Every structure is written in C-alpha cells, then in structure tokens.
>>> print(open('protein.pdb').read())   # PDB, C-alpha atoms
ATOM      1  CA  MET A   1       0.000   0.000   0.000
ATOM      2  CA  VAL A   2       1.342   3.430  -0.968
ATOM      3  CA  SER A   3       1.079   5.996   1.827
ATOM      4  CA  ARG A   4       0.229   9.685   1.560
ATOM      5  CA  GLU A   5       3.772  10.429   2.709
ATOM      6  CA  GLN A   6       5.197   8.394  -0.165
ATOM      7  CA  ILE A   7       2.911  10.177  -2.625
ATOM      8  CA  ALA A   8       4.075  13.539  -1.259
ATOM      9  CA  GLU A   9       7.742  12.516  -1.537
ATOM     10  CA  ALA A  10       7.264  11.235  -5.096
ATOM     11  CA  ALA A  11       5.389  14.404  -6.108
ATOM     12  CA  ALA A  12       8.215  16.553  -4.740
ATOM     13  CA  LEU A  13      10.672  14.551  -6.833
ATOM     14  CA  ILE A  14       8.523  15.077  -9.941
ATOM     15  CA  ARG A  15       8.374  18.834  -9.300
ATOM     16  CA  SER A  16      12.167  18.989  -8.895
ATOM     17  CA  GLY A  17      12.922  17.162 -12.156
ATOM     18  CA  GLY A  18      13.106  13.641 -10.750
ATOM     19  CA  VAL A  19      11.938  10.381 -12.277
ATOM     20  CA  VAL A  20       9.496   8.164 -10.371
ATOM     21  CA  ALA A  21       8.158   4.734 -11.309
ATOM     22  CA  PHE A  22       4.497   4.339 -10.405
ATOM     23  CA  PRO A  23       1.618   1.941 -11.083
ATOM     24  CA  THR A  24      -1.158   2.515 -13.578
ATOM     25  CA  GLU A  25      -3.904   0.069 -14.461
ATOM     26  CA  THR A  26      -1.984  -0.962 -17.604
ATOM     27  CA  VAL A  27       1.725  -1.265 -16.692
ATOM     28  CA  TYR A  28       4.119   0.589 -14.399
ATOM     29  CA  GLY A  29       5.120   3.984 -15.786
ATOM     30  CA  LEU A  30       8.423   5.855 -15.638
ATOM     31  CA  GLY A  31       7.165   9.311 -14.714
ATOM     32  CA  ALA A  32       8.569  12.824 -14.945
ATOM     33  CA  ASN A  33       7.270  16.371 -15.350
ATOM     34  CA  ALA A  34       5.843  16.449 -18.875
ATOM     35  CA  LEU A  35       6.481  20.198 -19.151
ATOM     36  CA  ASP A  36      10.201  20.010 -18.299
ATOM     37  CA  PRO A  37      12.451  19.124 -21.284
ATOM     38  CA  ALA A  38      15.342  18.089 -19.037
ATOM     39  CA  ALA A  39      13.133  15.713 -17.038
ATOM     40  CA  VAL A  40      11.691  14.282 -20.251
ATOM     41  CA  ASN A  41      15.216  13.670 -21.554
ATOM     42  CA  ARG A  42      16.013  11.765 -18.352
ATOM     43  CA  ILE A  43      13.224   9.332 -19.222
ATOM     44  CA  TYR A  44      14.711   8.726 -22.659
ATOM     45  CA  ALA A  45      18.189   8.250 -21.183
ATOM     46  CA  ILE A  46      17.068   5.812 -18.482
ATOM     47  CA  LYS A  47      15.042   3.756 -20.938
ATOM     48  CA  GLU A  48      17.687   4.016 -23.695
ATOM     49  CA  ARG A  49      14.723   4.889 -25.873
ATOM     50  CA  PRO A  50      15.095   6.428 -29.354
ATOM     51  CA  LYS A  51      13.909  10.009 -29.706
ATOM     52  CA  THR A  52      11.618   8.922 -32.582
ATOM     53  CA  SER A  53       9.212   7.338 -30.078
ATOM     54  CA  PRO A  54       6.967   9.912 -28.352
ATOM     55  CA  LEU A  55       5.836   9.696 -24.736
ATOM     56  CA  ILE A  56       2.286   9.597 -23.396
ATOM     57  CA  VAL A  57       1.244  12.292 -20.941
ATOM     58  CA  HIS A  58      -0.868  11.278 -17.955
ATOM     59  CA  VAL A  59      -3.452  13.706 -16.584
ATOM     60  CA  SER A  60      -5.838  13.657 -13.637
ATOM     61  CA  SER A  61      -8.777  15.441 -15.273
ATOM     62  CA  ILE A  62     -10.313  16.330 -18.614
ATOM     63  CA  ASN A  63      -9.634  19.983 -17.828
ATOM     64  CA  MET A  64      -5.915  19.246 -17.474
ATOM     65  CA  ALA A  65      -5.982  17.455 -20.833
ATOM     66  CA  ARG A  66      -7.757  20.359 -22.553
ATOM     67  CA  ASP A  67      -5.070  22.723 -21.281
ATOM     68  CA  LEU A  68      -2.347  20.764 -23.101
ATOM     69  CA  VAL A  69      -3.841  20.830 -26.614
ATOM     70  CA  THR A  70      -4.828  23.472 -29.158
ATOM     71  CA  ASN A  71      -7.999  21.647 -30.157
ATOM     72  CA  TRP A  72     -10.277  19.481 -28.031
ATOM     73  CA  PRO A  73     -12.927  18.199 -30.449
ATOM     74  CA  ASP A  74     -16.337  16.830 -29.546
ATOM     75  CA  SER A  75     -14.997  13.331 -30.271
ATOM     76  CA  ALA A  76     -12.349  13.754 -27.561
ATOM     77  CA  GLU A  77     -14.946  14.917 -25.051
ATOM     78  CA  LEU A  78     -17.169  11.964 -25.943
ATOM     79  CA  LEU A  79     -14.422   9.367 -25.596
ATOM     80  CA  ALA A  80     -12.896  10.894 -22.473
ATOM     81  CA  ASN A  81     -16.275  10.806 -20.758
ATOM     82  CA  ALA A  82     -16.813   7.209 -21.906
ATOM     83  CA  PHE A  83     -13.392   5.687 -21.190
ATOM     84  CA  TRP A  84     -11.472   7.922 -18.766
ATOM     85  CA  PRO A  85     -10.085   7.088 -16.332
ATOM     86  CA  GLY A  86      -8.952   4.078 -18.351
ATOM     87  CA  PRO A  87      -6.576   2.534 -20.882
ATOM     88  CA  LEU A  88      -7.317   4.817 -23.842
ATOM     89  CA  THR A  89      -4.801   7.407 -25.084
ATOM     90  CA  LEU A  90      -6.025  10.234 -27.313
ATOM     91  CA  VAL A  91      -3.580  11.928 -29.699
ATOM     92  CA  LEU A  92      -4.371  15.597 -30.348
ATOM     93  CA  PRO A  93      -2.609  18.774 -31.558
ATOM     94  CA  LYS A  94      -0.261  19.845 -28.758
ATOM     95  CA  SER A  95      -0.114  23.271 -27.168
ATOM     96  CA  HIS A  96       3.087  25.294 -26.745
ATOM     97  CA  LYS A  97       3.312  23.973 -23.163
ATOM     98  CA  ILE A  98       4.338  20.519 -24.376
ATOM     99  CA  PRO A  99       8.063  20.382 -25.226
ATOM    100  CA  SER A 100       9.053  18.920 -28.590
ATOM    101  CA  GLU A 101      11.404  16.516 -26.765
ATOM    102  CA  LEU A 102       8.340  14.688 -25.497
ATOM    103  CA  THR A 103       6.601  14.299 -28.878
ATOM    104  CA  ALA A 104       9.494  13.203 -31.132
ATOM    105  CA  GLY A 105       9.230  16.611 -32.770
ATOM    106  CA  LEU A 106       5.644  15.984 -33.849
ATOM    107  CA  ASP A 107       2.924  18.606 -33.410
ATOM    108  CA  THR A 108       0.673  16.143 -31.565
ATOM    109  CA  VAL A 109       0.639  14.704 -28.055
ATOM    110  CA  GLY A 110      -0.887  11.547 -26.575
ATOM    111  CA  LEU A 111      -2.957  12.052 -23.406
ATOM    112  CA  ARG A 112      -4.706   9.712 -21.030
ATOM    113  CA  MET A 113      -6.157   9.624 -17.535
ATOM    114  CA  PRO A 114      -5.000   6.451 -15.759
ATOM    115  CA  ALA A 115      -7.477   4.401 -13.764
ATOM    116  CA  HIS A 116      -5.269   3.834 -10.730
ATOM    117  CA  PRO A 117      -5.583   5.676  -7.407
ATOM    118  CA  VAL A 118      -1.801   5.960  -6.943
ATOM    119  CA  ALA A 119      -1.267   7.415 -10.415
ATOM    120  CA  LEU A 120      -4.095   9.913 -10.011
ATOM    121  CA  ALA A 121      -2.925  10.916  -6.512
ATOM    122  CA  LEU A 122       0.623  11.456  -7.794
ATOM    123  CA  ILE A 123      -0.557  13.717 -10.615
ATOM    124  CA  GLU A 124      -2.836  15.659  -8.261
ATOM    125  CA  GLU A 125      -0.180  16.054  -5.572
ATOM    126  CA  SER A 126       2.493  17.160  -8.025
ATOM    127  CA  GLY A 127       0.116  19.554  -9.755
ATOM    128  CA  LEU A 128       1.647  18.589 -13.093
ATOM    129  CA  PRO A 129       0.907  16.387 -16.085
ATOM    130  CA  ILE A 130       3.275  13.430 -15.955
ATOM    131  CA  ALA A 131       5.010  11.905 -18.961
ATOM    132  CA  ALA A 132       5.257   8.171 -18.379
ATOM    133  CA  PRO A 133       6.217   5.406 -20.789
ATOM    134  CA  SER A 134       6.565   1.894 -19.395
ATOM    135  CA  ALA A 135       9.223   1.635 -16.676
ATOM    136  CA  ASN A 136      11.639  -0.671 -18.484
ATOM    137  CA  ARG A 137      14.572  -0.540 -20.898
ATOM    138  CA  PHE A 138      13.538   0.036 -24.490
ATOM    139  CA  THR A 139      12.181  -3.089 -26.309
ATOM    140  CA  GLN A 140      12.199  -5.160 -23.101
ATOM    141  CA  LEU A 141       9.177  -6.591 -21.299
ATOM    142  CA  SER A 142       6.948  -3.992 -19.707
ATOM    143  CA  PRO A 143       6.706  -4.172 -15.902
ATOM    144  CA  THR A 144       3.460  -5.053 -14.187
ATOM    145  CA  THR A 145       4.869  -5.146 -10.644
ATOM    146  CA  ALA A 146       7.241  -2.909  -8.699
ATOM    147  CA  GLN A 147       9.705  -5.808  -8.545
ATOM    148  CA  HIS A 148       9.831  -5.921 -12.341
ATOM    149  CA  VAL A 149      10.816  -2.230 -12.287
ATOM    150  CA  ALA A 150      13.486  -2.777  -9.648
ATOM    151  CA  ASP A 151      14.919  -5.754 -11.516
ATOM    152  CA  GLY A 152      15.016  -3.881 -14.814
ATOM    153  CA  LEU A 153      16.027  -0.348 -13.859
ATOM    154  CA  GLY A 154      17.552  -0.650 -10.405
ATOM    155  CA  GLN A 155      19.053   2.573  -9.059
ATOM    156  CA  ALA A 156      18.404   4.534 -12.272
ATOM    157  CA  VAL A 157      14.994   5.534 -10.874
ATOM    158  CA  ASP A 158      14.725   8.089  -8.055
ATOM    159  CA  MET A 159      11.781   6.291  -6.436
ATOM    160  CA  ILE A 160       9.449   3.341  -7.056
ATOM    161  CA  LEU A 161       5.878   3.454  -5.749
ATOM    162  CA  ASP A 162       4.676  -0.105  -5.134
ATOM    163  CA  GLY A 163       0.950  -0.255  -5.833
ATOM    164  CA  GLY A 164       0.810  -4.013  -6.362
ATOM    165  CA  PRO A 165       0.248  -5.855  -9.651
ATOM    166  CA  THR A 166      -1.430  -3.943 -12.461
ATOM    167  CA  GLU A 167      -4.918  -5.006 -13.567
ATOM    168  CA  VAL A 168      -5.094  -4.501 -17.341
ATOM    169  CA  GLY A 169      -1.584  -5.801 -17.969
ATOM    170  CA  ILE A 170      -0.762  -4.367 -21.404
ATOM    171  CA  GLU A 171      -0.315  -0.804 -22.636
ATOM    172  CA  SER A 172      -3.195   1.490 -23.562
ATOM    173  CA  THR A 173      -5.085   1.685 -26.832
ATOM    174  CA  VAL A 174      -3.912   4.768 -28.763
ATOM    175  CA  LEU A 175      -6.313   6.688 -31.009
ATOM    176  CA  SER A 176      -5.432   9.774 -33.042
ATOM    177  CA  LEU A 177      -8.046  12.527 -33.235
ATOM    178  CA  ALA A 178      -5.599  14.994 -34.778
ATOM    179  CA  GLY A 179      -6.796  14.632 -38.370
ATOM    180  CA  SER A 180     -10.052  14.642 -40.261
ATOM    181  CA  GLN A 181     -10.750  10.996 -39.338
ATOM    182  CA  PRO A 182      -9.933   9.028 -36.173
ATOM    183  CA  ILE A 183      -7.042   6.562 -36.626
ATOM    184  CA  LEU A 184      -6.300   3.606 -34.356
ATOM    185  CA  LEU A 185      -2.532   3.798 -33.846
ATOM    186  CA  ARG A 186      -2.081   0.989 -31.310
ATOM    187  CA  PRO A 187      -4.624  -1.657 -30.302
ATOM    188  CA  GLY A 188      -5.255  -2.393 -26.654
ATOM    189  CA  MET A 189      -7.971  -3.582 -24.305
ATOM    190  CA  VAL A 190     -10.294  -0.720 -25.263
ATOM    191  CA  THR A 191     -11.282  -2.342 -28.530
ATOM    192  CA  ARG A 192     -11.920  -0.909 -31.965
ATOM    193  CA  GLU A 193     -15.568  -1.913 -31.662
ATOM    194  CA  ALA A 194     -15.933  -0.124 -28.335
ATOM    195  CA  ILE A 195     -14.578   3.081 -29.868
ATOM    196  CA  GLU A 196     -16.669   2.733 -33.018
ATOM    197  CA  ALA A 197     -19.782   2.346 -30.875
ATOM    198  CA  HIS A 198     -19.240   6.002 -29.945
ATOM    199  CA  LEU A 199     -17.649   7.468 -33.083
ATOM    200  CA  GLY A 200     -18.669   5.256 -35.967
ATOM    201  CA  PRO A 201     -16.033   3.717 -38.295
ATOM    202  CA  ILE A 202     -12.388   4.526 -37.587
ATOM    203  CA  LEU A 203      -9.248   3.955 -39.667
ATOM    204  CA  LEU A 204      -6.238   1.760 -38.884
ATOM    205  CA  LEU A 205      -2.647   3.000 -38.991
ATOM    206  CA  GLU A 206      -0.848   2.065 -42.212
ATOM    207  CA  ASN A 207       2.525   3.868 -42.236
ATOM    208  CA  THR A 208       4.446   4.890 -39.123
ATOM    209  CA  GLY A 209       7.008   7.135 -40.856
ATOM    210  CA  ASP A 210      10.270   8.193 -39.209
ATOM    211  CA  ALA A 211       8.892   9.716 -36.000
ATOM    212  CA  HIS A 212       6.229   7.356 -34.741
ATOM    213  CA  ALA A 213       2.774   8.786 -34.166
ATOM    214  CA  SER A 214       2.407   6.537 -31.110
ATOM    215  CA  PRO A 215       4.662   4.687 -28.697
ATOM    216  CA  GLY A 216       4.963   0.924 -29.155
ATOM    217  CA  LEU A 217       5.239   0.950 -32.949
ATOM    218  CA  HIS A 218       8.791  -0.334 -33.320
ATOM    219  CA  ALA A 219       8.919  -3.754 -34.985
ATOM    220  CA  LYS A 220      10.848  -5.181 -32.011
ATOM    221  CA  HIS A 221       9.195  -4.433 -28.692
ATOM    222  CA  TYR A 222       7.815  -5.937 -25.442
ATOM    223  CA  SER A 223      10.431  -8.717 -25.628
ATOM    224  CA  PRO A 224      11.667 -11.169 -23.008
ATOM    225  CA  ARG A 225      15.368 -12.026 -23.007
ATOM    226  CA  THR A 226      14.509 -15.588 -24.004
ATOM    227  CA  PRO A 227      13.695 -15.926 -27.741
ATOM    228  CA  LEU A 228       9.918 -15.984 -28.188
ATOM    229  CA  TYR A 229       8.143 -17.738 -31.052
ATOM    230  CA  LEU A 230       4.507 -16.987 -31.873
ATOM    231  CA  LEU A 231       3.030 -20.115 -33.404
ATOM    232  CA  ASP A 232      -0.184 -21.112 -35.104
ATOM    233  CA  PRO A 233      -1.559 -24.451 -33.841
ATOM    234  CA  ASP A 234      -0.191 -26.334 -36.869
ATOM    235  CA  GLN A 235       3.339 -24.894 -36.672
ATOM    236  CA  PRO A 236       6.034 -27.089 -35.100
ATOM    237  CA  LEU A 237       7.761 -26.198 -31.875
ATOM    238  CA  PRO A 238      11.377 -24.989 -32.040
ATOM    239  CA  THR A 239      13.913 -27.810 -31.951
ATOM    240  CA  ASN A 240      16.894 -25.947 -30.495
ATOM    241  CA  GLY A 241      17.094 -27.058 -26.896
ATOM    242  CA  ALA A 242      14.358 -27.035 -24.261
ATOM    243  CA  GLY A 243      11.509 -24.578 -24.038
ATOM    244  CA  ILE A 244       8.159 -23.671 -22.551
ATOM    245  CA  TYR A 245       4.877 -23.557 -24.479
ATOM    246  CA  LEU A 246       2.179 -21.085 -23.447
ATOM    247  CA  HIS A 247      -1.174 -22.200 -24.781
ATOM    248  CA  TRP A 248      -4.814 -21.236 -24.532
ATOM    249  CA  SER A 249      -6.232 -24.375 -26.195
ATOM    250  CA  SER A 250      -4.185 -27.505 -25.484
ATOM    251  CA  PRO A 251      -0.610 -28.464 -24.529
ATOM    252  CA  ARG A 252       1.862 -30.133 -26.868
ATOM    253  CA  GLU A 253       4.424 -32.873 -26.528
ATOM    254  CA  GLY A 254       8.023 -31.739 -26.648
ATOM    255  CA  ALA A 255       7.836 -28.834 -24.229
ATOM    256  CA  ALA A 256       6.867 -27.919 -20.719
ATOM    257  CA  SER A 257       3.428 -26.343 -21.007
ATOM    258  CA  GLN A 258       1.629 -23.549 -19.222
ATOM    259  CA  ALA A 259      -2.055 -22.864 -19.765
ATOM    260  CA  MET A 260      -3.164 -19.295 -20.405
ATOM    261  CA  PRO A 261      -6.686 -17.904 -19.813
ATOM    262  CA  HIS A 262      -9.368 -18.157 -22.498
ATOM    263  CA  HIS A 263     -10.743 -14.698 -21.715
ATOM    264  CA  PRO A 264      -8.765 -11.840 -23.325
ATOM    265  CA  ALA A 265      -8.907  -9.524 -20.301
ATOM    266  CA  GLN A 266      -7.631 -12.279 -18.016
ATOM    267  CA  TYR A 267      -4.962 -13.245 -20.562
ATOM    268  CA  ALA A 268      -3.709  -9.661 -20.901
ATOM    269  CA  ALA A 269      -3.639  -9.196 -17.130
ATOM    270  CA  ILE A 270      -1.078 -11.980 -16.630
ATOM    271  CA  LEU A 271       0.785 -11.978 -19.971
ATOM    272  CA  TYR A 272       3.817  -9.856 -19.069
ATOM    273  CA  ASP A 273       4.146 -11.280 -15.567
ATOM    274  CA  THR A 274       4.060 -14.801 -17.032
ATOM    275  CA  LEU A 275       6.793 -13.895 -19.525
ATOM    276  CA  HIS A 276       8.867 -12.297 -16.748
ATOM    277  CA  GLN A 277       8.600 -15.512 -14.728
ATOM    278  CA  VAL A 278       9.363 -17.788 -17.685
ATOM    279  CA  ASP A 279      12.364 -15.609 -18.533
ATOM    280  CA  LEU A 280      13.865 -16.492 -15.149
ATOM    281  CA  VAL A 281      13.666 -20.240 -15.805
ATOM    282  CA  GLY A 282      16.609 -20.154 -18.191
ATOM    283  CA  CYS A 283      15.105 -22.176 -21.027
ATOM    284  CA  ASP A 284      16.237 -21.904 -24.661
ATOM    285  CA  TRP A 285      12.967 -20.581 -26.048
ATOM    286  CA  ILE A 286       9.392 -19.627 -25.300
ATOM    287  CA  ALA A 287       6.664 -20.651 -27.731
ATOM    288  CA  VAL A 288       3.264 -18.968 -27.525
ATOM    289  CA  GLU A 289       0.135 -20.249 -29.201
ATOM    290  CA  ALA A 290      -1.294 -17.405 -31.282
ATOM    291  CA  PRO A 291      -4.450 -16.089 -29.632
ATOM    292  CA  PRO A 292      -7.823 -16.200 -31.387
ATOM    293  CA  ALA A 293      -8.709 -13.676 -34.064
ATOM    294  CA  GLY A 294     -10.926 -10.719 -33.246
ATOM    295  CA  SER A 295     -10.758  -7.204 -31.878
ATOM    296  CA  ALA A 296     -10.850  -8.329 -28.239
ATOM    297  CA  TRP A 297      -7.504 -10.079 -28.755
ATOM    298  CA  ALA A 298      -5.949  -7.495 -31.111
ATOM    299  CA  GLY A 299      -3.875  -5.728 -28.449
ATOM    300  CA  ILE A 300      -2.515  -9.024 -27.110
ATOM    301  CA  LEU A 301      -1.657 -10.262 -30.610
ATOM    302  CA  ASP A 302       0.086  -6.969 -31.393
ATOM    303  CA  ARG A 303       2.329  -7.278 -28.324
ATOM    304  CA  LEU A 304       3.165 -10.923 -29.033
ATOM    305  CA  LYS A 305       4.019 -10.238 -32.678
ATOM    306  CA  ARG A 306       6.435  -7.456 -31.711
ATOM    307  CA  ALA A 307       7.997  -9.641 -29.007
ATOM    308  CA  SER A 308       8.530 -12.645 -31.273
ATOM    309  CA  ILE A 309      11.356 -13.988 -33.436
ATOM    310  CA  ARG A 310      10.571 -13.672 -37.136
TER     311      ARG A 310
END
>>> encode(input="protein.pdb", output="structure tokens")
Amino acid sequence: MVSREQIAEAAALIRSGGVVAFPTETVYGLGANALDPAAVNRIYAIKERPKTSPLIVHVSSINMARDLVTNWPDSAELLANAFWPGPLTLVLPKSHKIPSELTAGLDTVGLRMPAHPVALALIEESGLPIAAPSANRFTQLSPTTAQHVADGLGQAVDMILDGGPTEVGIESTVLSLAGSQPILLRPGMVTREAIEAHLGPILLLENTGDAHASPGLHAKHYSPRTPLYLLDPDQPLPTNGAGIYLHWSSPREGAASQAMPHHPAQYAAILYDTLHQVDLVGCDWIAVEAPPAGSAWAGILDRLKRASIR
C-alpha cells in the first residue's frame, strides 16, 4: 500500500525534475514532469529509448488534458467521458506547453487519464501532467509489478511506488483525433468496436514514418530475453534445446506447457508477468500459441508479434 507520505515525496521529486516509477492500471510507468524538457530527456536516457518514439502524458482530469492541446474536439470529449479514467490514449494537436522533446518533434501529443488511485494521486499532488512510458529498458518486457521495475532499472529511478500488480496488464489503446478521421494507432484492451460504438467507423494506422505517431510501434518491442516464437496451432515447436509452451487451447508434446486464460482480459492481465517468470527459468525458447482472431484479442496479438522472433 502506498502511503500519503510516499505520494508527497514522489510528487516533490517530480516537481524537482526527478523520475518516479508508479503503477497505472496498464503497466508501471516511468514518470517525470511532462512540461520540463530536461526531465523528459532523463526518461529517454534511463530507458535508452530512441527520440523517434513519443511519450504519453498522464493527466488527472479532462480539464488538465484540454489545457495541453490546441484543439479538443467533440470526439475527444465523448471518448474521455466514456473511457477515462482508463486505458485509452487520445492523440491531439499539442499546445506550446508541451516540449518537442516529449513528442518526437511531432505537433501532436498523446494524453490519457490512468485508472489507478496511486497514479491519479501522484498527478494531483504534483500539480503537473506526468510523462510516463513503461518503466523498463527500451524493447524489453513492460513491468506489471514494482519488482519488475526494480529488476530492470535498479538505481536509475529516483523512487518506485509499489501499488501491487497492475490489472489490465498491457499498454493502452492509442487513437489519433488529430486529423479529419480518427485513426487507431495501437490496439489495446479498449477495442476498436468499443470506440466505433461512440464514433462510428475509424481507420487503422498504415505507415508509421520516421517519427512514430504513437509509442509501441517499433517492430521489435515488449520482448523477453529468451527468444519468443509466436506459433499457429499447426506450426512445429522450435527444436533448439528445451523450451516452454504457453497455450490457450491444449498443450503439446516436446515442451513444458503452461495454460493461459481463455478470456482476453484475463490473458492480458497476466501476460507480461508470465513472460517475466518464464524468462527467469533459463530455457532456450518460449513458444506462444497465437491467440484467437478478433478485436478483443488485437492488443494481445500486437504485443506478441512485436515480441517474437521472425
């Protein structure tokens, strides 16, 4: 349990240019003052993250979000009221308050209100919007516990707030409202259908360009140290050494097996923690049965594809 004193200490660090790891409902974030270019650059340095990958800004209210953009359309108001606090990031034209270091030089910024009491209390106490990508080295597995953060970043972080395991388990859905039509930049557990129920048809991202319009768009991402293979049911298991097979339908001969949940929300909630644990076993490979088709599984499939050996 995070105390008020810990929140106050973490908020003081944020205000002074520090970097604090804290829980959200998706994964643990590596947080710093979103309005301070030097603090933002510390995030990039700690993560060893390329400057072509923008950061998401976390806010504690719709009013705070409106203050960070030049245009807050009716669609943003509609979706914020429907899904915030929650795992949906909205990309909008940024105001002059947002430093270009945070947005990969783009004229847009991604905003979301996290659905976690510790995250919201930290933003409120600091009085600042907080930039916070996942609290891990670039391309590595995202952390869903404070221990994952400590194991991955160690003393590079000024403070870690331990709010227990995260609930959603994978990063937020990212939707751009910066153009004439909404574009789904990154799938997540807020599904395309859920968004379209409010907005009507939306487009899917086709070309990322040099500076990515959303975090999480690099081809290699979310990866355990152990080589991961994403397999259809009819594909053979790897033959190089011993491995572990994560399945949602049935186990296979030739590998130690671990069953995964049939429900997408339950699967997402334990995916990264399962991969963290399997990574510690020291096997030669991890094979994962490709999840079912459909929008409910799209975010999970996206993460597994980027984590896998091709």
>>> resolve_selection(input="protein.pdb", expression="the PyMOL selection byres ((chain A and resi 228-237) around 7)", output="PyMOL selection string")
chain A and resi 226-227+238-239+285-290+304-305+307-309
>>> residues_around(input="protein.pdb", residues="segment 192-205 of chain A", least_positions_apart="2", cutoff="9 Å", atoms="all atoms listed in the file", output="list of chain:residue names")
A:Ser75, A:Leu78, A:Leu79, A:Ala82, A:Thr173, A:Gln181, A:Pro182, A:Ile183, A:Leu184, A:Leu185, A:Arg186, A:Pro187, A:Gly188, A:Val190, A:Asn207, A:Thr208, A:Ser295, A:Ala296, A:Ala298
>>> write_last_selection(input="protein.pdb", atoms="C-alpha atoms", output="PDB file, keeping the file's coordinate frame")
ATOM      1  CA  SER A  75     -14.997  13.331 -30.271  1.00  0.00           C
ATOM      2  CA  LEU A  78     -17.169  11.964 -25.943  1.00  0.00           C
ATOM      3  CA  LEU A  79     -14.422   9.367 -25.596  1.00  0.00           C
ATOM      4  CA  ALA A  82     -16.813   7.209 -21.906  1.00  0.00           C
ATOM      5  CA  THR A 173      -5.085   1.685 -26.832  1.00  0.00           C
ATOM      6  CA  GLN A 181     -10.750  10.996 -39.338  1.00  0.00           C
ATOM      7  CA  PRO A 182      -9.933   9.028 -36.173  1.00  0.00           C
ATOM      8  CA  ILE A 183      -7.042   6.562 -36.626  1.00  0.00           C
ATOM      9  CA  LEU A 184      -6.300   3.606 -34.356  1.00  0.00           C
ATOM     10  CA  LEU A 185      -2.532   3.798 -33.846  1.00  0.00           C
ATOM     11  CA  ARG A 186      -2.081   0.989 -31.310  1.00  0.00           C
ATOM     12  CA  PRO A 187      -4.624  -1.657 -30.302  1.00  0.00           C
ATOM     13  CA  GLY A 188      -5.255  -2.393 -26.654  1.00  0.00           C
ATOM     14  CA  VAL A 190     -10.294  -0.720 -25.263  1.00  0.00           C
ATOM     15  CA  ASN A 207       2.525   3.868 -42.236  1.00  0.00           C
ATOM     16  CA  THR A 208       4.446   4.890 -39.123  1.00  0.00           C
ATOM     17  CA  SER A 295     -10.758  -7.204 -31.878  1.00  0.00           C
ATOM     18  CA  ALA A 296     -10.850  -8.329 -28.239  1.00  0.00           C
ATOM     19  CA  ALA A 298      -5.949  -7.495 -31.111  1.00  0.00           C
TER      20      ALA A 298
END
>>> resolve_selection(input="protein.pdb", expression="the PyMOL selection byres ((chain A and resi 4) around 12)", output="PyMOL selection string")
chain A and resi 1-3+5-11+117-118+121-122+124-125+161
>>> residues_near_point(input="protein.pdb", point="(17.6, -1.0, -24.6)", cutoff="10 Å", atoms="all atoms listed in the file", output="VMD selection string")
chain A and resid 45 to 50 136 to 140 221
>>> write_last_selection(input="protein.pdb", atoms="C-alpha atoms", output="JSON list (two decimals), in the frame of the given file")
[["chain", "number", "residue", "atom", "x", "y", "z"],
["A", 45, "ALA", "CA", 18.19, 8.25, -21.18],
["A", 46, "ILE", "CA", 17.07, 5.81, -18.48],
["A", 47, "LYS", "CA", 15.04, 3.76, -20.94],
["A", 48, "GLU", "CA", 17.69, 4.02, -23.70],
["A", 49, "ARG", "CA", 14.72, 4.89, -25.87],
["A", 50, "PRO", "CA", 15.10, 6.43, -29.35],
["A", 136, "ASN", "CA", 11.64, -0.67, -18.48],
["A", 137, "ARG", "CA", 14.57, -0.54, -20.90],
["A", 138, "PHE", "CA", 13.54, 0.04, -24.49],
["A", 139, "THR", "CA", 12.18, -3.09, -26.31],
["A", 140, "GLN", "CA", 12.20, -5.16, -23.10],
["A", 221, "HIS", "CA", 9.20, -4.43, -28.69]]
>>> closest_atom_pairs(input="protein.pdb", of="segment 120-222 of chain A", to="segment 22-35 of chain A", cutoff="8 Å", atoms="all atoms listed in the file", output="Markdown table")
| residue | atom | partner | partner_atom | distance |
| --- | --- | --- | --- | --- |
| A:Leu128 | CA | A:Asn33 | CA | 6.5 |
| A:Pro129 | CA | A:Ala34 | CA | 5.7 |
| A:Ile130 | CA | A:Ala34 | CA | 4.9 |
| A:Ala131 | CA | A:Ala34 | CA | 4.6 |
| A:Ala132 | CA | A:Gly31 | CA | 4.3 |
| A:Pro133 | CA | A:Gly29 | CA | 5.3 |
| A:Ser134 | CA | A:Gly29 | CA | 4.4 |
| A:Ala135 | CA | A:Leu30 | CA | 4.4 |
| A:Asn136 | CA | A:Leu30 | CA | 7.8 |
| A:Ser142 | CA | A:Val27 | CA | 6.6 |
| A:Pro143 | CA | A:Tyr28 | CA | 5.6 |
| A:Thr144 | CA | A:Val27 | CA | 4.9 |
| A:Thr145 | CA | A:Tyr28 | CA | 6.9 |
| A:Ala146 | CA | A:Tyr28 | CA | 7.4 |
| A:Val149 | CA | A:Tyr28 | CA | 7.6 |
| A:Ile160 | CA | A:Phe22 | CA | 6.1 |
| A:Leu161 | CA | A:Phe22 | CA | 4.9 |
| A:Asp162 | CA | A:Phe22 | CA | 6.9 |
| A:Gly163 | CA | A:Pro23 | CA | 5.7 |
| A:Gly164 | CA | A:Pro23 | CA | 7.6 |
| A:Thr166 | CA | A:Glu25 | CA | 5.1 |
| A:Glu167 | CA | A:Glu25 | CA | 5.3 |
| A:Val168 | CA | A:Thr26 | CA | 4.7 |
| A:Gly169 | CA | A:Thr26 | CA | 4.9 |
| A:Ile170 | CA | A:Thr26 | CA | 5.2 |
| A:Glu171 | CA | A:Thr26 | CA | 5.3 |
| A:Ser172 | CA | A:Thr26 | CA | 6.6 |
>>> closest_residue(input="protein.pdb", among="A:Leu92, A:Cys283, A:Ala38, A:Leu275", to="Gly179 of chain A", atoms="all atoms listed in the file")
A:Leu92
>>> atom_distance(input="protein.pdb", atom1="atom CA of Ile123 of chain A", atom2="atom CA of Trp72 of chain A")
20.8 Å
>>> resolve_selection(input="protein.pdb", expression="the PyMOL selection byres ((chain A and resi 115) around 8)", output="list in words")
Thr24, Glu25, Trp84, Pro85, Gly86, Pro87, Met113, Pro114, His116, Pro117, Ala119 and Leu120 of chain A
>>> residues_near_point(input="protein.pdb", point="(6.4, 19.8, -25.7)", cutoff="10 Å", atoms="all atoms listed in the file", output="number ranges by chain")
A: 34-37, 40, 68, 94-109
>>> atom_distance(input="protein.pdb", atom1="atom CA of His276 of chain A", atom2="atom CA of Ala156 of chain A")
19.9 Å
>>> axis_aligned_box(input="protein.pdb", around="segment 146-159 of chain A", padding_each_side="8 Å", output="JSON")
{"center_x": 13.1, "center_y": 1.1, "center_z": -10.6, "size_x": 27.8, "size_y": 30.0, "size_z": 24.4}
